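K.L.:
final.tsv is reproduced below (TSV, C-alpha atoms and all ligand atoms).
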chain	number	residue	atom	x	y	z
N	937	MET	CA	0.00	0.00	0.00
N	938	ILE	CA	1.35	3.41	-0.95
N	939	ILE	CA	0.14	6.39	1.09
N	940	ALA	CA	1.00	9.79	-0.44
N	941	VAL	CA	0.90	12.78	1.89
N	942	ASP	CA	1.41	16.26	0.45
N	943	GLY	CA	0.90	19.73	1.83
N	944	PRO	CA	2.53	23.07	2.60
N	945	ALA	CA	5.41	23.75	4.98
N	946	ALA	CA	4.89	23.00	8.68
N	947	ALA	CA	1.48	21.42	8.15
N	948	GLY	CA	2.42	18.55	10.48
N	949	LYS	CA	3.09	16.03	7.69
N	950	GLY	CA	6.20	14.75	9.45
N	951	THR	CA	4.51	13.88	12.74
N	952	LEU	CA	1.46	12.52	10.95
N	953	THR	CA	3.38	10.31	8.50
N	954	ARG	CA	5.60	8.92	11.26
N	955	ALA	CA	2.47	7.86	13.15
N	956	LEU	CA	0.84	6.44	10.01
N	957	ALA	CA	3.98	4.48	9.07
N	958	GLU	CA	4.05	2.91	12.51
N	959	HIS	CA	0.33	2.18	12.52
N	960	TYR	CA	0.36	0.44	9.12
N	961	GLY	CA	3.83	-1.12	9.46
N	962	LEU	CA	5.21	0.69	6.41
N	963	PRO	CA	8.55	2.42	5.82
N	964	ARG	CA	8.40	6.19	5.57
N	965	LEU	CA	10.21	8.60	3.27
N	966	ASP	CA	10.32	12.29	4.11
N	967	THR	CA	11.11	13.56	0.62
N	968	GLY	CA	11.76	17.09	1.91
N	969	VAL	CA	14.96	15.71	3.46
N	970	LEU	CA	16.30	15.01	-0.05
N	971	TYR	CA	15.84	18.63	-1.15
N	972	ARG	CA	17.17	19.84	2.20
N	973	ALA	CA	20.29	17.67	1.79
N	974	VAL	CA	20.90	19.17	-1.69
N	975	ALA	CA	20.71	22.65	-0.13
N	976	ALA	CA	22.92	21.70	2.82
N	977	THR	CA	25.56	20.23	0.47
N	978	LEU	CA	25.60	23.41	-1.64
N	979	LEU	CA	26.10	25.50	1.51
N	980	ALA	CA	28.70	23.20	3.08
N	981	ASP	CA	30.75	22.98	-0.12
N	982	CYS	CA	30.31	26.67	-1.07
N	983	LEU	CA	28.70	25.76	-4.40
N	984	ASP	CA	26.58	28.15	-6.48
N	985	PRO	CA	22.83	27.38	-6.12
N	986	ALA	CA	22.18	29.27	-9.35
N	987	ASP	CA	24.33	26.81	-11.31
N	988	THR	CA	21.74	24.26	-12.37
N	989	GLU	CA	24.34	21.73	-13.58
N	990	VAL	CA	26.10	21.79	-10.22
N	991	CYS	CA	22.80	21.42	-8.35
N	992	ALA	CA	21.73	18.48	-10.51
N	993	ARG	CA	25.10	16.79	-9.93
N	994	VAL	CA	24.74	17.29	-6.17
N	995	ALA	CA	21.22	15.81	-6.29
N	996	GLY	CA	22.45	12.82	-8.29
N	997	THR	CA	25.29	12.02	-5.90
N	998	LEU	CA	23.60	12.87	-2.61
N	999	ASP	CA	25.17	11.53	0.59
N	1000	LEU	CA	22.40	11.65	3.19
N	1001	SER	CA	24.70	10.40	5.96
N	1002	ARG	CA	26.64	13.69	5.83
N	1003	PHE	CA	24.10	15.69	7.80
N	1004	ALA	CA	22.41	15.41	11.16
N	1005	ASP	CA	18.68	16.09	11.05
N	1006	ALA	CA	19.11	19.37	12.99
N	1007	ASP	CA	21.54	20.63	10.30
N	1008	LEU	CA	18.84	20.10	7.69
N	1009	ARG	CA	16.19	22.06	9.63
N	1010	THR	CA	17.80	25.53	9.81
N	1011	SER	CA	15.88	28.37	8.14
N	1012	GLU	CA	18.77	28.94	5.73
N	1013	VAL	CA	18.56	25.33	4.54
N	1014	SER	CA	14.73	25.47	4.44
N	1015	GLN	CA	14.74	28.50	2.15
N	1016	LEU	CA	17.49	27.19	-0.12
N	1017	ALA	CA	15.79	23.77	-0.37
N	1018	SER	CA	12.67	25.54	-1.58
N	1019	VAL	CA	14.73	27.52	-4.13
N	1020	VAL	CA	16.70	24.59	-5.60
N	1021	SER	CA	13.63	22.35	-5.65
N	1022	SER	CA	12.28	24.52	-8.46
N	1023	GLN	CA	15.08	23.30	-10.77
N	1024	PRO	CA	13.73	20.55	-13.10
N	1025	ASP	CA	17.06	18.67	-13.23
N	1026	VAL	CA	17.26	18.53	-9.44
N	1027	ARG	CA	13.76	17.08	-9.32
N	1028	LYS	CA	14.58	14.60	-12.07
N	1029	ALA	CA	17.69	13.41	-10.24
N	1030	LEU	CA	15.66	12.68	-7.09
N	1031	LEU	CA	12.60	11.17	-8.76
N	1032	MET	CA	13.88	7.63	-9.41
N	1033	PHE	CA	15.04	7.19	-5.81
N	1034	GLN	CA	11.60	8.20	-4.51
N	1035	ARG	CA	9.74	5.94	-6.95
N	1036	ALA	CA	12.02	2.98	-6.18
N	1037	PHE	CA	11.46	3.50	-2.45
N	1038	ALA	CA	7.67	3.49	-2.93
N	1039	ALA	CA	7.72	0.47	-5.23
N	1040	ARG	CA	9.40	-1.90	-2.74
N	1041	PRO	CA	6.89	-4.24	-1.02
N	1042	PRO	CA	4.96	-3.77	1.18
N	1043	GLY	CA	4.75	-0.12	0.04
N	1044	ALA	CA	5.48	3.09	1.89
N	1045	VAL	CA	4.26	6.34	3.36
N	1046	LEU	CA	5.82	9.29	1.55
N	1047	ASP	CA	5.48	12.94	2.40
N	1048	GLY	CA	6.30	15.93	0.26
N	1049	ARG	CA	4.73	18.36	-2.20
N	1050	ASP	CA	4.30	16.35	-5.41
N	1051	ILE	CA	3.90	12.76	-4.19
N	1052	GLY	CA	0.25	12.35	-5.21
N	1053	THR	CA	0.67	14.31	-8.43
N	1054	VAL	CA	4.09	13.27	-9.83
N	1055	VAL	CA	6.08	10.77	-7.75
N	1056	CYS	CA	3.26	8.28	-7.07
N	1057	PRO	CA	0.24	9.32	-9.14
N	1058	ASP	CA	-1.17	5.79	-8.64
N	1059	ALA	CA	-0.83	5.82	-4.84
N	1060	ASP	CA	-3.56	3.83	-3.07
N	1061	VAL	CA	-4.45	6.73	-0.79
N	1062	LYS	CA	-3.60	10.41	-1.17
N	1063	LEU	CA	-3.91	12.99	1.56
N	1064	PHE	CA	-3.33	16.72	1.24
N	1065	VAL	CA	-2.66	18.01	4.74
N	1066	THR	CA	-2.94	21.72	5.35
N	1067	ALA	CA	-3.72	24.34	7.99
N	1068	SER	CA	-3.91	28.13	8.01
N	1069	THR	CA	-0.56	29.90	7.65
N	1070	GLU	CA	-1.05	31.41	11.13
N	1071	ALA	CA	-1.64	28.00	12.74
N	1072	ARG	CA	1.35	26.44	10.96
N	1073	ALA	CA	3.65	29.35	11.88
N	1074	ARG	CA	2.60	29.18	15.53
N	1075	ARG	CA	3.20	25.41	15.72
N	1076	ARG	CA	6.62	25.68	14.07
N	1077	TRP	CA	7.54	28.65	16.31
N	1078	LEU	CA	6.63	26.65	19.46
N	1079	GLU	CA	8.68	23.69	18.18
N	1080	LEU	CA	11.69	25.92	17.52
N	1081	ARG	CA	11.39	27.59	20.92
N	1082	GLN	CA	11.19	24.22	22.64
N	1083	ALA	CA	14.38	23.24	20.79
N	1084	GLY	CA	16.05	26.37	22.18
N	1085	THR	CA	16.00	28.46	18.98
N	1086	ASP	CA	15.47	32.16	19.62
N	1087	ILE	CA	13.29	33.37	16.73
N	1088	ASP	CA	10.24	35.63	16.57
N	1089	LEU	CA	6.86	34.42	15.37
N	1090	GLN	CA	6.72	36.96	12.52
N	1091	SER	CA	9.98	35.64	10.99
N	1092	VAL	CA	8.67	32.08	11.12
N	1093	PHE	CA	5.39	33.23	9.53
N	1094	GLU	CA	7.25	34.99	6.70
N	1095	ASN	CA	9.58	32.05	6.09
N	1096	ILE	CA	6.61	29.69	5.75
N	1097	ARG	CA	4.61	32.10	3.58
N	1098	ASP	CA	7.57	32.64	1.22
N	1099	ARG	CA	8.23	28.91	0.86
N	1100	ASP	CA	4.55	28.13	0.18
N	1101	GLU	CA	4.45	30.84	-2.46
N	1102	ARG	CA	7.59	29.50	-4.18
N	1103	ASP	CA	6.66	25.81	-3.83
N	1104	SER	CA	3.19	26.31	-5.32
N	1105	SER	CA	4.13	28.66	-8.16
N	1106	ARG	CA	7.16	26.88	-9.69
N	1107	GLY	CA	6.82	25.50	-13.21
N	1108	THR	CA	7.94	21.93	-12.48
N	1109	SER	CA	5.87	19.76	-10.13
N	1110	PRO	CA	4.37	22.60	-8.10
N	1111	MET	CA	2.76	21.79	-4.78
N	1112	ARG	CA	-0.82	20.94	-5.66
N	1113	CYS	CA	-3.66	18.93	-4.15
N	1114	ALA	CA	-4.17	15.97	-6.53
N	1115	ASP	CA	-7.70	15.74	-7.92
N	1116	ASP	CA	-8.20	12.41	-6.14
N	1117	ALA	CA	-6.59	13.46	-2.82
N	1118	HIS	CA	-8.48	13.77	0.46
N	1119	LEU	CA	-8.09	17.23	1.94
N	1120	LEU	CA	-7.26	17.26	5.64
N	1121	ASP	CA	-7.38	20.73	7.19
N	1122	THR	CA	-5.81	20.50	10.64
N	1123	THR	CA	-6.17	24.18	11.62
N	1124	GLU	CA	-8.54	23.22	14.45
N	1125	MET	CA	-7.04	19.77	15.16
N	1126	ASP	CA	-4.28	18.54	17.43
N	1127	ILE	CA	-2.02	15.71	16.22
N	1128	GLU	CA	-4.22	13.00	17.78
N	1129	ALA	CA	-7.30	14.29	15.95
N	1130	ALA	CA	-5.37	14.63	12.68
N	1131	PHE	CA	-4.10	11.05	13.05
N	1132	ARG	CA	-7.60	9.69	13.70
N	1133	ALA	CA	-8.99	11.62	10.73
N	1134	ALA	CA	-6.22	10.28	8.44
N	1135	VAL	CA	-6.71	6.69	9.62
N	1136	SER	CA	-10.44	6.85	9.03
N	1137	ILE	CA	-9.84	8.10	5.46
N	1138	ILE	CA	-7.24	5.38	4.78
N	1139	ASP	CA	-9.31	2.57	6.34
N	1140	ALA	CA	-12.32	3.61	4.27
N	1141	VAL	CA	-10.22	3.19	1.12
N	1142	TRP	CA	-8.35	0.09	2.32
N	1143	PRO	CA	-10.65	-1.68	4.82
N	1144	GLY	CA	-8.85	-4.09	7.09
N	1145	THR	CA	-5.45	-2.44	6.83
N	1146	GLY	CA	-5.62	-0.84	10.26
N	1147	GLY	CA	-3.70	-2.08	13.31
M	1201	LIG	O1	8.81	19.15	3.47
M	1201	LIG	P1	9.98	20.12	3.75
M	1201	LIG	O2	9.53	21.42	4.37
M	1201	LIG	O3	11.07	19.47	4.53
M	1201	LIG	O4	10.59	20.46	2.29
M	1201	LIG	C1	11.66	21.36	2.11
M	1201	LIG	C2	11.54	21.95	0.71
M	1201	LIG	O5	11.78	20.93	-0.26
M	1201	LIG	C3	10.18	22.54	0.37
M	1201	LIG	O6	10.11	23.93	0.66
M	1201	LIG	C4	10.02	22.27	-1.10
M	1201	LIG	C5	10.90	21.09	-1.38
M	1201	LIG	N1	10.16	19.85	-1.61
M	1201	LIG	C6	9.68	19.63	-2.86
M	1201	LIG	O7	9.80	20.50	-3.72
M	1201	LIG	N2	9.06	18.45	-3.16
M	1201	LIG	C7	8.92	17.50	-2.24
M	1201	LIG	N3	8.32	16.34	-2.57
M	1201	LIG	C8	9.38	17.72	-0.92
M	1201	LIG	C9	9.99	18.91	-0.62
Would you give me this structure, written as structure tokens?
Ligand code: DC

P.N.:
Amino acid sequence: MIIAVDGPAAAGKGTLTRALAEHYGLPRLDTGVLYRAVAATLLADCLDPADTEVCARVAGTLDLSRFADADLRTSEVSQLASVVSSQPDVRKALLMFQRAFAARPPGAVLDGRDIGTVVCPDADVKLFVTASTEARARRRWLELRQAGTDIDLQSVFENIRDRDERDSSRGTSPMRCADDAHLLDTTEMDIEAAFRAAVSIIDAVWPGTGG
């Protein structure tokens, strides 16, 4: 079973897909990490993000073990990941890896921006998880504060708004809710409620798959 989860920045896809992967006994791929690792490599090696050939080469020879998760979550890496992800050759270089991951039995839970539309258009279940920009900014701000990062709410809001704008307006594989995706708006939900809502959608499509 392939579960595709797309949606804008800080919508809670990470927490939700981790819980879904555990519940259904499936491996999980956070595809944002791939784009983040491309950005982190460009920064670490002082490479030019405007050089599309260099970026594509980095994407094609990515070494994920080079970075700790925290190094991939800085706002500098977040913004640059969003910028380089608009390059068609970067997306092409990462596409096969994502498809191969999804194709291995027994399937997978993947989260990103274009999973239901481009990476796995035939996914068994597609969710598009969103929430208001204000709610997403507040959640991300609380997370960052808990992790000891000193940042103001307005900066987090602007970072998220800019990324959403870029991710949804690019020419190649823009973030989009697939026509056959189930929309899950978590503005008024906590993670427990979002998880229950997602499971009830998935179990309705695939009865008997639940724990
Ligand atoms: O999901 P995330 O916030 O970790 O993703 C970081 C950036 O990577 C995001 O701003 C856009 C890009 N991305 C993408 O273009 N396609 C994906 N499937 C996943 C992420």

K.L.:
Excluding Phe1037 in chain N and residues on its chain fewer than 3 positions from it, collect all residues at most 12 Å away from it, counting only C-alpha atoms, and give them as a VMD selection string.

P.N.:
chain N and resid 938 962 to 967 1030 to 1034 1040 to 1046 1055 to 1056

K.L.:
If you measure from CA of Gly950 in chain N to CA of Val994 in chain N, what distance in Å do you get, rounded to one decimal?

P.N.:
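Atom-to-atom, CA of Gly950 in chain N and CA of Val994 in chain N are spaced 24.4 Å apart.
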
K.L.:
Using all atoms listed in the file, determine which residues fall within 6 Å of ligand LIG 1201 (chain M), then list them as an MDAnalysis selection string.

P.N.:
chainID N and resid 945 967:969 971:972 1014 1017:1018 1021 1048:1051 1099 1103

K.L.:
Measuring between only C-alpha atoms, which one of N:Val1135, N:Leu1063, N:Ala1073, N:Ala1129 shows the shortest distance to Leu956 in chain N?

P.N.:
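For Leu956 in chain N, the nearest of the candidates is N:Val1135.
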
K.L.:
Which residue, N:Val1065, N:Ala976, N:Ala995, N:Ala1114, has the smallest gap to Ala1133 in chain N when you use all atoms listed in the file?

P.N.:
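Nearest to Ala1133 in chain N: N:Val1065.
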
K.L.:
Just need the box for range 1071-1075 of chain N, edges along x, y and z, holding every atom the file lists for it with 6 Å tacked onto each side, so centre and edge lengths in Å to one decimal, as JSON.

P.N.:
{"center_x": 1.0, "center_y": 27.4, "center_z": 13.3, "size_x": 17.3, "size_y": 15.9, "size_z": 16.8}

K.L.:
Closest to Glu1070 in chain N among N:Val974, N:Ala947, N:Val1141, N:Val1013, using all atoms listed in the file?

P.N.:
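That would be N:Ala947, the residue with the smallest distance to Glu1070 in chain N.
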
K.L.:
Rounded to one decimal in Å, what is the spacing between CA of Thr1123 in chain N and CA of Ser1068 in chain N?

P.N.:
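Taking CA of Thr1123 in chain N as the start and CA of Ser1068 in chain N as the end point, the length is 5.8 Å.
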
K.L.:
From the set N:Tyr960, N:Leu1000, N:Thr1066, N:Ile1087, which residue has the shortest atom-to-atom contact distance to Leu1119 in chain N, counting only C-alpha atoms?

P.N.:
N:Thr1066

K.L.:
For Leu952 in chain N, find every residue with an atom within 8 Å (counting all atoms listed in the file), except residues of its own chain fewer than 3 positions away, and show them as a ChimeraX atom specification.

P.N.:
/N:948-949,955-956,1127,1130-1131

K.L.:
Using Å and a single decimal, report how far CA of His1118 in chain N sits from CA of Val1061 in chain N.

P.N.:
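A separation of 8.2 Å between them.
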
K.L.:
Considering all atoms listed in the file, state which residue in the set N:Asp1060, N:Arg1075, N:Thr1069, N:Ala1036 is at the smallest distance from Asp1139 in chain N.

P.N.:
N:Asp1060

K.L.:
Once you count only C-alpha atoms, which residues end up no further than 10 Å from (15.8, 20.0, -10.9) in the file's frame, shown as a compact mmCIF listing (two decimals) with C-alpha atoms, in the frame of the given file?

P.N.:
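Writing the result to out_22.txt gives the following:
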# COMPACT_ATOMS: atom_id res chain seq x y z
CA TYR N 971 15.84 18.63 -1.15
CA THR N 988 21.74 24.26 -12.37
CA GLU N 989 24.34 21.73 -13.58
CA CYS N 991 22.80 21.42 -8.35
CA ALA N 992 21.73 18.48 -10.51
CA ARG N 993 25.10 16.79 -9.93
CA ALA N 995 21.22 15.81 -6.29
CA VAL N 1020 16.70 24.59 -5.60
CA SER N 1021 13.63 22.35 -5.65
CA SER N 1022 12.28 24.52 -8.46
CA GLN N 1023 15.08 23.30 -10.77
CA PRO N 1024 13.73 20.55 -13.10
CA ASP N 1025 17.06 18.67 -13.23
CA VAL N 1026 17.26 18.53 -9.44
CA ARG N 1027 13.76 17.08 -9.32
CA LYS N 1028 14.58 14.60 -12.07
CA ALA N 1029 17.69 13.41 -10.24
CA LEU N 1030 15.66 12.68 -7.09
CA LEU N 1031 12.60 11.17 -8.76
CA THR N 1108 7.94 21.93 -12.48
CA SER N 1109 5.87 19.76 -10.13
